[in-house]
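Asks: Dropping in entry20.tsv, with TSV, C-alpha atoms.
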```tsv
chain	number	residue	atom	x	y	z
D	1	MET	CA	-143.22	11.34	37.86
D	2	GLY	CA	-143.59	8.06	39.73
D	3	LEU	CA	-139.99	8.29	41.00
D	4	ILE	CA	-140.41	11.90	42.09
D	5	SER	CA	-143.63	11.15	43.95
D	6	SER	CA	-142.12	8.15	45.73
D	7	LYS	CA	-139.10	10.17	46.87
D	8	ALA	CA	-141.26	12.98	48.16
D	9	GLU	CA	-143.45	10.62	50.14
D	10	SER	CA	-140.46	8.83	51.71
D	11	SER	CA	-138.85	12.10	52.83
D	12	ALA	CA	-141.96	13.40	54.54
D	13	PRO	CA	-141.39	14.15	58.26
D	14	PRO	CA	-142.99	11.81	60.80
D	15	PRO	CA	-146.16	13.01	62.50
D	16	LEU	CA	-145.69	15.04	65.67
D	17	PRO	CA	-146.62	13.26	68.93
D	18	THR	CA	-149.82	14.41	70.50
D	19	PHE	CA	-150.40	15.11	74.16
D	20	THR	CA	-152.65	12.06	74.27
D	21	ASN	CA	-149.84	9.73	73.18
D	22	ILE	CA	-147.40	11.30	75.67
D	23	GLY	CA	-149.87	10.91	78.52
D	24	GLN	CA	-150.56	7.28	77.65
D	25	ALA	CA	-146.82	6.45	77.51
D	26	ALA	CA	-146.18	8.15	80.87
D	27	ALA	CA	-149.08	6.32	82.48
D	28	ALA	CA	-147.85	2.96	81.15
D	29	ALA	CA	-144.31	3.60	82.46
D	30	LEU	CA	-145.64	4.66	85.85
D	31	LYS	CA	-147.83	1.57	86.03
D	32	ASN	CA	-144.85	-0.69	85.33
D	33	GLU	CA	-142.71	0.99	88.05
D	34	ARG	CA	-145.44	1.15	90.69
D	35	PRO	CA	-145.19	-1.89	92.99
D	36	SER	CA	-148.18	-4.09	93.59
D	37	TYR	CA	-148.65	-3.93	97.35
D	38	LEU	CA	-150.90	-6.99	97.24
D	39	GLU	CA	-148.13	-9.13	95.74
D	40	LEU	CA	-145.04	-8.23	97.77
D	41	PRO	CA	-142.27	-10.83	98.15
D	42	ALA	CA	-141.67	-12.65	101.41
D	43	PRO	CA	-138.90	-11.01	103.50
D	44	VAL	CA	-136.04	-12.80	105.21
D	45	LYS	CA	-136.43	-13.86	108.81
D	46	TYR	CA	-135.85	-11.24	111.47
D	47	GLU	CA	-132.81	-13.13	112.78
D	48	ASP	CA	-131.32	-13.30	109.24
D	49	ILE	CA	-131.52	-9.66	108.19
D	50	GLN	CA	-127.73	-9.25	108.61
D	51	ARG	CA	-126.67	-12.52	106.99
D	52	GLU	CA	-124.87	-10.95	103.98
D	53	VAL	CA	-122.80	-8.70	106.24
D	54	MET	CA	-122.11	-11.45	108.77
D	55	MET	CA	-120.75	-13.76	106.06
D	56	ALA	CA	-117.90	-11.29	105.51
D	57	LEU	CA	-117.45	-9.86	109.01
D	58	LYS	CA	-118.08	-12.95	111.19
D	59	PRO	CA	-116.08	-15.92	109.87
D	60	ASP	CA	-115.53	-18.92	112.15
D	61	LEU	CA	-112.22	-17.76	113.66
D	62	PHE	CA	-110.33	-20.10	115.97
D	63	GLU	CA	-106.92	-20.51	117.60
D	64	GLY	CA	-105.00	-23.77	117.45
D	65	MET	CA	-105.56	-26.91	115.41
D	66	ARG	CA	-108.87	-28.22	114.08
D	67	PHE	CA	-109.74	-31.29	112.01
D	68	GLU	CA	-113.23	-32.12	110.77
D	69	ILE	CA	-114.46	-35.17	108.88
D	70	ASN	CA	-117.97	-35.49	107.45
D	71	LYS	CA	-118.94	-38.98	106.28
D	72	PRO	CA	-122.29	-39.52	104.50
D	73	LEU	CA	-123.81	-42.98	104.92
D	74	ASN	CA	-126.79	-42.33	102.65
D	75	PRO	CA	-128.42	-39.25	101.07
D	76	ASN	CA	-130.24	-38.40	104.34
D	77	PHE	CA	-127.84	-39.53	107.07
D	78	PHE	CA	-124.21	-38.61	107.74
D	79	LEU	CA	-121.74	-38.60	110.63
D	80	SER	CA	-119.22	-35.97	111.65
D	81	HIS	CA	-116.00	-36.08	113.66
D	82	SER	CA	-114.26	-32.96	114.97
D	83	LEU	CA	-110.98	-32.65	116.87
D	84	PHE	CA	-109.82	-29.34	118.32
D	85	MET	CA	-106.68	-28.45	120.27
D	86	GLY	CA	-105.95	-24.83	121.13
D	87	ASN	CA	-106.28	-22.08	123.73
D	88	MET	CA	-109.18	-20.45	125.50
D	89	ASP	CA	-109.15	-16.80	126.63
D	90	LEU	CA	-109.72	-16.02	130.30
D	91	ALA	CA	-111.39	-12.73	131.22
D	92	THR	CA	-109.12	-10.63	133.46
D	93	GLY	CA	-110.79	-7.23	133.24
D	94	GLY	CA	-107.62	-5.59	131.92
D	95	ARG	CA	-105.68	-5.33	128.71
D	96	GLN	CA	-103.50	-8.34	129.39
D	97	GLN	CA	-105.00	-11.58	128.10
D	98	LEU	CA	-104.56	-14.91	129.86
D	99	LYS	CA	-104.98	-18.19	128.02
D	100	THR	CA	-105.38	-21.77	129.08
D	101	PRO	CA	-104.85	-24.79	126.81
D	102	MET	CA	-107.84	-26.91	125.96
D	103	GLY	CA	-108.84	-29.68	123.60
D	104	HIS	CA	-111.86	-31.83	122.89
D	105	TYR	CA	-113.30	-34.34	120.45
D	106	GLU	CA	-116.85	-34.00	119.15
D	107	PHE	CA	-119.01	-36.66	117.51
D	108	GLY	CA	-122.10	-35.77	115.53
D	109	ALA	CA	-124.97	-37.54	113.83
D	110	ASN	CA	-127.28	-35.78	111.37
D	111	VAL	CA	-130.50	-36.72	109.61
D	112	VAL	CA	-131.82	-34.37	106.93
D	113	SER	CA	-134.92	-34.67	104.75
D	114	ASP	CA	-137.33	-32.34	102.96
D	115	ARG	CA	-139.59	-31.80	106.00
D	116	TYR	CA	-137.41	-32.40	109.05
D	117	MET	CA	-133.83	-32.13	110.26
D	118	LEU	CA	-132.14	-33.76	113.27
D	119	LEU	CA	-128.67	-32.64	114.39
D	120	GLY	CA	-126.81	-33.98	117.42
D	121	ARG	CA	-123.36	-33.35	118.94
D	122	ILE	CA	-121.59	-34.79	121.97
D	123	THR	CA	-118.11	-33.88	123.26
D	124	THR	CA	-115.58	-35.63	125.46
D	125	GLU	CA	-116.42	-33.08	128.16
D	126	GLY	CA	-119.93	-34.52	128.42
D	127	ARG	CA	-121.76	-31.67	126.68
D	128	LEU	CA	-124.66	-32.74	124.51
D	129	SER	CA	-126.27	-30.37	122.01
D	130	GLY	CA	-129.03	-31.01	119.53
D	131	ARG	CA	-131.35	-29.32	117.08
D	132	ILE	CA	-134.65	-30.55	115.72
D	133	LYS	CA	-136.54	-28.80	112.91
D	134	TYR	CA	-139.87	-29.98	111.53
D	135	ASP	CA	-142.06	-28.32	108.90
D	136	LEU	CA	-145.68	-28.76	109.98
D	137	ALA	CA	-146.94	-26.95	106.87
D	138	GLN	CA	-145.68	-24.55	104.23
D	139	TRP	CA	-146.52	-21.65	106.55
D	140	MET	CA	-145.45	-23.14	109.89
D	141	ALA	CA	-142.29	-24.80	111.25
D	142	MET	CA	-140.98	-25.65	114.71
D	143	LYS	CA	-137.38	-25.81	115.94
D	144	LEU	CA	-136.00	-27.14	119.21
D	145	HIS	CA	-132.50	-26.29	120.44
D	146	LEU	CA	-131.03	-28.26	123.35
D	147	GLN	CA	-127.77	-27.95	125.27
D	148	LEU	CA	-127.19	-30.31	128.18
D	149	SER	CA	-124.20	-30.19	130.49
D	150	GLY	CA	-123.23	-31.54	133.90
D	151	GLU	CA	-122.13	-28.07	135.03
D	152	PRO	CA	-124.81	-26.14	136.92
D	153	GLY	CA	-126.49	-23.40	134.94
D	154	GLN	CA	-125.09	-24.55	131.58
D	155	SER	CA	-128.11	-26.54	130.35
D	156	GLN	CA	-130.48	-24.62	128.09
D	157	ALA	CA	-133.46	-25.27	125.84
D	158	MET	CA	-135.17	-23.09	123.24
D	159	LEU	CA	-138.36	-23.78	121.27
D	160	ASP	CA	-139.03	-21.67	118.17
D	161	THR	CA	-142.27	-21.48	116.21
D	162	ASP	CA	-141.88	-19.93	112.75
D	163	LEU	CA	-144.90	-18.52	110.91
D	164	LYS	CA	-144.68	-17.46	107.27
D	165	GLY	CA	-147.14	-15.43	105.24
D	166	GLY	CA	-147.11	-14.15	101.70
D	167	ASP	CA	-145.26	-10.92	102.55
D	168	TRP	CA	-144.40	-11.37	106.25
D	169	ASN	CA	-142.95	-13.79	108.77
D	170	ALA	CA	-143.05	-14.06	112.57
D	171	GLN	CA	-141.35	-16.11	115.25
D	172	LEU	CA	-142.25	-17.03	118.82
D	173	LYS	CA	-139.45	-18.13	121.18
D	174	LEU	CA	-139.83	-19.97	124.48
D	175	GLY	CA	-136.67	-20.84	126.37
D	176	SER	CA	-135.21	-21.75	129.70
D	177	PRO	CA	-134.68	-20.25	132.10
D	178	SER	CA	-137.94	-18.25	131.71
D	179	PHE	CA	-137.29	-16.61	128.35
D	180	LEU	CA	-139.99	-15.27	126.02
D	181	GLY	CA	-139.31	-13.69	122.66
D	182	LEU	CA	-141.41	-12.50	119.71
D	183	ASN	CA	-140.44	-10.91	116.40
D	184	TYR	CA	-142.25	-9.87	113.23
D	185	PHE	CA	-140.93	-8.76	109.83
D	186	GLN	CA	-143.04	-7.23	107.02
D	187	SER	CA	-142.32	-6.30	103.41
D	188	LEU	CA	-143.25	-2.66	102.76
D	189	THR	CA	-142.10	-2.49	99.12
D	190	PRO	CA	-140.42	-5.05	96.85
D	191	ARG	CA	-137.04	-3.97	98.30
D	192	LEU	CA	-137.80	-2.48	101.72
D	193	SER	CA	-138.91	-4.43	104.79
D	194	ALA	CA	-139.26	-3.53	108.45
D	195	GLY	CA	-140.21	-5.14	111.74
D	196	GLY	CA	-139.54	-5.42	115.44
D	197	GLU	CA	-138.89	-7.79	118.31
D	198	PHE	CA	-139.71	-8.11	122.00
D	199	PHE	CA	-138.09	-10.27	124.68
D	200	TRP	CA	-138.66	-10.91	128.38
D	201	LEU	CA	-136.18	-12.65	130.70
D	202	HIS	CA	-137.94	-13.42	133.96
D	203	SER	CA	-134.88	-14.63	135.89
D	204	ASN	CA	-133.18	-11.22	135.50
D	205	LEU	CA	-136.43	-9.19	135.35
D	206	LYS	CA	-135.23	-7.71	132.08
D	207	SER	CA	-137.11	-6.89	128.91
D	208	GLY	CA	-136.36	-5.13	125.66
D	209	VAL	CA	-137.81	-3.93	122.37
D	210	GLY	CA	-136.00	-3.68	119.06
D	211	LEU	CA	-136.81	-2.20	115.64
D	212	ALA	CA	-135.16	-3.04	112.33
D	213	MET	CA	-135.25	-2.08	108.65
D	214	ARG	CA	-133.68	-3.78	105.63
D	215	HIS	CA	-133.27	-2.52	102.07
D	216	GLN	CA	-132.11	-4.98	99.43
D	217	GLY	CA	-131.11	-3.88	95.95
D	218	THR	CA	-129.59	-5.67	93.01
D	219	LYS	CA	-126.05	-5.25	94.37
D	220	HIS	CA	-126.42	-4.06	97.95
D	221	VAL	CA	-128.08	-4.80	101.29
D	222	ALA	CA	-128.47	-2.12	103.97
D	223	THR	CA	-129.84	-2.78	107.46
D	224	MET	CA	-130.50	-0.77	110.61
D	225	GLN	CA	-131.32	-2.05	114.11
D	226	VAL	CA	-132.01	-0.14	117.31
D	227	ALA	CA	-132.93	-1.63	120.68
D	228	THR	CA	-133.90	-0.38	124.12
D	229	THR	CA	-130.90	-2.28	125.49
D	230	GLY	CA	-128.86	0.70	124.25
D	231	ILE	CA	-127.50	-0.53	120.92
D	232	LEU	CA	-127.65	1.02	117.45
D	233	SER	CA	-126.34	-1.09	114.57
D	234	LEU	CA	-125.92	-0.06	110.93
D	235	GLN	CA	-124.68	-2.46	108.25
D	236	TYR	CA	-124.08	-2.26	104.53
D	237	ALA	CA	-122.91	-4.93	102.07
D	238	HIS	CA	-122.09	-4.18	98.44
D	239	LYS	CA	-121.53	-6.81	95.78
D	240	VAL	CA	-118.73	-5.45	93.59
D	241	ASN	CA	-118.93	-8.42	91.21
D	242	ASP	CA	-119.70	-12.11	91.31
D	243	LYS	CA	-116.51	-12.81	93.31
D	244	VAL	CA	-116.00	-9.81	95.63
D	245	THR	CA	-118.28	-8.38	98.30
D	246	LEU	CA	-117.46	-5.46	100.61
D	247	ALA	CA	-119.20	-4.96	103.96
D	248	THR	CA	-119.24	-2.32	106.69
D	249	ASP	CA	-120.65	-2.27	110.21
D	250	PHE	CA	-121.20	0.53	112.72
D	251	LEU	CA	-122.11	-0.27	116.33
D	252	TRP	CA	-122.96	2.39	118.92
D	253	GLN	CA	-123.68	1.66	122.58
D	254	PHE	CA	-125.71	4.43	124.18
D	255	ALA	CA	-124.92	3.61	127.82
D	256	THR	CA	-121.13	3.59	127.50
D	257	ARG	CA	-121.03	6.00	124.53
D	258	GLU	CA	-118.67	3.68	122.73
D	259	ALA	CA	-118.72	3.21	118.96
D	260	THR	CA	-117.01	0.67	116.74
D	261	ALA	CA	-116.75	0.71	112.95
D	262	THR	CA	-115.69	-2.30	110.90
D	263	LEU	CA	-114.73	-2.75	107.25
D	264	GLY	CA	-114.56	-6.23	105.75
D	265	TYR	CA	-114.34	-8.12	102.48
D	266	ASP	CA	-115.36	-11.50	101.08
D	267	ALA	CA	-113.49	-12.70	97.97
D	268	THR	CA	-114.08	-16.00	96.20
D	269	LEU	CA	-111.28	-17.07	93.85
D	270	ARG	CA	-110.86	-20.12	91.67
D	271	GLN	CA	-109.84	-22.51	94.48
D	272	CYS	CA	-110.12	-20.49	97.68
D	273	ARG	CA	-112.29	-18.10	99.62
D	274	LEU	CA	-110.71	-15.22	101.59
D	275	ARG	CA	-112.54	-13.17	104.22
D	276	GLY	CA	-111.18	-10.50	106.51
D	277	LYS	CA	-111.87	-7.27	108.36
D	278	ILE	CA	-110.34	-4.38	110.30
D	279	ASP	CA	-112.08	-2.27	112.94
D	280	THR	CA	-111.49	0.97	114.80
D	281	ASN	CA	-110.14	-0.96	117.82
D	282	GLY	CA	-107.15	-2.01	115.74
D	283	VAL	CA	-108.18	-5.66	115.41
D	284	VAL	CA	-107.27	-7.25	112.07
D	285	THR	CA	-108.59	-10.67	111.10
D	286	ALA	CA	-108.31	-12.97	108.09
D	287	PHE	CA	-109.85	-16.34	107.27
D	288	LEU	CA	-108.76	-18.47	104.30
D	289	GLU	CA	-110.44	-21.59	102.93
D	290	GLU	CA	-108.30	-23.34	100.32
D	291	ARG	CA	-109.79	-26.18	98.28
D	292	PHE	CA	-107.14	-28.83	97.70
D	293	SER	CA	-109.42	-31.32	95.96
D	294	PRO	CA	-113.14	-32.13	95.91
D	295	GLY	CA	-114.12	-32.78	99.53
D	296	ILE	CA	-110.87	-31.58	101.16
D	297	ASN	CA	-110.40	-27.98	102.35
D	298	PHE	CA	-107.47	-26.40	104.17
D	299	VAL	CA	-108.34	-23.60	106.62
D	300	LEU	CA	-106.17	-20.78	107.98
D	301	SER	CA	-107.37	-18.35	110.67
D	302	GLY	CA	-105.64	-15.28	112.06
D	303	GLU	CA	-106.49	-12.41	114.40
D	304	LEU	CA	-104.19	-9.56	115.51
D	305	ASP	CA	-105.16	-7.38	118.47
D	306	HIS	CA	-102.21	-5.06	119.11
D	307	LEU	CA	-104.01	-3.04	121.81
D	308	HIS	CA	-104.41	-6.08	124.09
D	309	SER	CA	-101.32	-7.93	122.79
D	310	ASN	CA	-103.60	-10.80	121.83
D	311	TYR	CA	-102.67	-12.80	118.73
D	312	LYS	CA	-104.54	-15.86	117.51
D	313	PHE	CA	-103.53	-18.21	114.72
D	314	GLY	CA	-105.13	-21.47	113.69
D	315	PHE	CA	-105.06	-24.06	110.92
D	316	GLY	CA	-107.22	-27.03	110.10
D	317	VAL	CA	-108.44	-29.52	107.55
D	318	VAL	CA	-112.08	-30.19	106.64
D	319	ALA	CA	-112.77	-33.45	104.80
D	320	GLY	CA	-116.15	-34.28	103.34
D	321	GLU	CA	-118.99	-32.17	101.99
```
Output the file's structure in the form of structure tokens.
Replies:
Amino acid sequence: MGLISSKAESSAPPPLPTFTNIGQAAAAALKNERPSYLELPAPVKYEDIQREVMMALKPDLFEGMRFEINKPLNPNFFLSHSLFMGNMDLATGGRQQLKTPMGHYEFGANVVSDRYMLLGRITTEGRLSGRIKYDLAQWMAMKLHLQLSGEPGQSQAMLDTDLKGGDWNAQLKLGSPSFLGLNYFQSLTPRLSAGGEFFWLHSNLKSGVGLAMRHQGTKHVATMQVATTGILSLQYAHKVNDKVTLATDFLWQFATREATATLGYDATLRQCRLRGKIDTNGVVTAFLEERFSPGINFVLSGELDHLHSNYKFGFGVVAGE
């Protein structure tokens, strides 16, 4: 009898769920999925909303020969030497491209710490460029960009003030000659952010307004930008795996009614990184960074423009981290 009773009790069906239990489970799941709008993450800066796409579509292409050496003197101070010999394109207004040979040497000194950064470059042509960044507080930083040259109209300066909140950031730009810029970016949900920008150039009596949106998922980033200057830009980057990223870009100019679409890739292998793209204008580019040993990289750059019969090839060596 004891065995029969135990078997009967173990084979009894489980109790049916009640509407109360179902409602409580649904409410708990909805509460977990609903974002807390008072605790949204900080978005990227307005000027960095396209950084994932630009990494694949905008490598540092060059034509000719380039050598770079970075020499650290201590953890916060290092020097850089750069030698470049190649060609420079001359605008002709037609399909035929004219090039002139050029070459220069550039010396740089850099100081980097937790709160400030000082970068300076000077070339054999007499051009001096510098950048200063200082964090006044966790929510405020200032940056100064300088470019000085003996040629008239080539010297420029730009002062940026960055403000950072819990779920937003803003930037105020003051530059010469007579430039004023302002942008703001706000997180709307944990993955969606939006904002806008305004600029005024007094020397040309020109102003503009732009709007932007960015959606970032676990494996993708999608952005959209539209401006009163007549430009619509759509970008999408998808992370296939830890080593391969695909990116697309669509650019439409309202005034000229011209559109350009671009498809690119970014692949990181065991000892090299390969980036390239192809667009609807028939331009094909590729950029290879091969790691020979720790601190020494070999660089290959190529661009083919069959429509304008313009072909660019470059190689270089980068020594130092």
Asks: Excluding Asp167 of chain D and residues on its chain fewer than 6 positions from it, collect all residues at most 9 Å away from it, counting all atoms listed in the file, and give them as a PyMOL selection string.
Replies: chain D and resi 38-43+185-188
Asks: Take the residues that were just selected and, keeping C-alpha atoms, output them as a compact mmCIF listing (two decimals), in the coordinates of the input.
Replies:
```
# COMPACT_ATOMS: atom_id res chain seq x y z
CA LEU D 38 -150.90 -6.99 97.24
CA GLU D 39 -148.13 -9.13 95.74
CA LEU D 40 -145.04 -8.23 97.77
CA PRO D 41 -142.27 -10.83 98.15
CA ALA D 42 -141.67 -12.65 101.41
CA PRO D 43 -138.90 -11.01 103.50
CA PHE D 185 -140.93 -8.76 109.83
CA GLN D 186 -143.04 -7.23 107.02
CA SER D 187 -142.32 -6.30 103.41
CA LEU D 188 -143.25 -2.66 102.76
```
Asks: Quick check, in Å to one decimal: how far apart do atom CA of Lys71 of chain D and atom CA of Ile122 of chain D lie?
Replies: 16.5 Å
Asks: Between D:Lys143, D:Lys164, D:Arg275, D:Arg115, which residue has the minimum interatomic distance to Pro59 of chain D, considering only C-alpha atoms?
Replies: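 Using only C-alpha atoms, the shortest distance to Pro59 of chain D belongs to D:Arg275.
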Asks: Residues near Ser129 of chain D, anyone? I mean within 10 Å using only C-alpha atoms, not counting same-chain ones fewer than 4 positions away, as a list in words.
Replies: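 Counting only the stated atoms, we get Gly108, Leu119, Gly120, Arg121, Ile122, Thr123, His145, Leu146, Gln147, Leu148, Ser149, Ser155, Gln156 and Ala157 of chain D.
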Asks: By how many Å are atom CA of Asn241 of chain D and atom CA of Glu290 of chain D apart?
Replies: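 About the pair atom CA of Asn241 of chain D and atom CA of Glu290 of chain D: they are 20.5 Å apart.
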Asks: Report as a list in words all protein, DNA and RNA residues lying within 8 Å of Gln171 of chain D, evaluated on all atoms listed in the file, omitting residues in the same chain fewer than 5 positions from it.
Replies: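 Here the answer would be Asp160, Thr161, Asp162, Leu163, Leu182, Asn183 and Tyr184 of chain D.
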Asks: Around segment 162-180 of chain D, with edges along x, y and z and 4 Å added on all six sides, what centre and edge lengths do you get, in Å to one decimal, as lines of an AutoDock Vina configuration file?
Replies:
```
center_x = -140.9
center_y = -16.3
center_z = 116.9
size_x = 20.5
size_y = 18.8
size_z = 38.4
```
Asks: Suppose you want the space between atom CA of Leu174 of chain D and atom CA of Glu125 of chain D; what is it in Å?
Replies: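 Separation between atom CA of Leu174 of chain D and atom CA of Glu125 of chain D: 27.1 Å.
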Asks: My list of candidates is D:Leu172, D:Val283, D:Val221, D:Leu269. Which is closest to Asn310 of chain D when distances are computed with only C-alpha atoms?
Replies: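 With only C-alpha atoms as the atom set, the closest residue is D:Val283.
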Asks: I'd like the neighbourhood of Gly264 of chain D as a list in words, where a residue qualifies if any of its atoms comes within 6 Å (using all atoms listed in the file), though same-chain residues fewer than 4 positions away should be ignored.
Replies: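 Listing them by chain and then by number gives Leu57, Leu246, Ala247, Gly276 and Lys277 of chain D.
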Asks: May I have the residues from that selection written out with C-alpha atoms, as a CSV table (one decimal), in the coordinates of the input?
Replies:
```
chain,number,residue,atom,x,y,z
D,57,LEU,CA,-117.4,-9.9,109.0
D,246,LEU,CA,-117.5,-5.5,100.6
D,247,ALA,CA,-119.2,-5.0,104.0
D,276,GLY,CA,-111.2,-10.5,106.5
D,277,LYS,CA,-111.9,-7.3,108.4
```
Asks: From the list D:Phe298, D:Gln271, D:Glu303, D:Ile132, which residue is nearest Ala319 of chain D when using all atoms listed in the file?
Replies: D:Phe298
Asks: Please identify all polymer residues within 9 Å of Thr100 of chain D, counting all atoms listed in the file, omitting same-chain residues fewer than 5 positions from it, and present them as a list in words.
Replies: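 Neighbouring residues, sequence-local ones excluded: Gly86, Asn87, Met88, Asp89 and Leu90 of chain D.
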Asks: Grab the residues selected above and save them as a PDB file, keeping the file's coordinate frame with C-alpha atoms.
Replies:
```pdb
ATOM      1  CA  GLY D  86    -105.950 -24.830 121.130  1.00  0.00           C
ATOM      2  CA  ASN D  87    -106.280 -22.080 123.730  1.00  0.00           C
ATOM      3  CA  MET D  88    -109.180 -20.450 125.500  1.00  0.00           C
ATOM      4  CA  ASP D  89    -109.150 -16.800 126.630  1.00  0.00           C
ATOM      5  CA  LEU D  90    -109.720 -16.020 130.300  1.00  0.00           C
TER       6      LEU D  90
END
```
Asks: Nearest to Ala194 of chain D: which of D:Phe84, D:Leu61, D:Glu68, D:Ile49 is it, counting all atoms listed in the file?
Replies: D:Ile49
Asks: Please identify all polymer residues lying at most 12 Å from the point (-118.7, -2.2, 105.6) (file coordinates), using only C-alpha atoms, and present the result as a ChimeraX atom specification.
Replies: /D:50,52-57,220-223,233-239,245-251,260-266,276-279
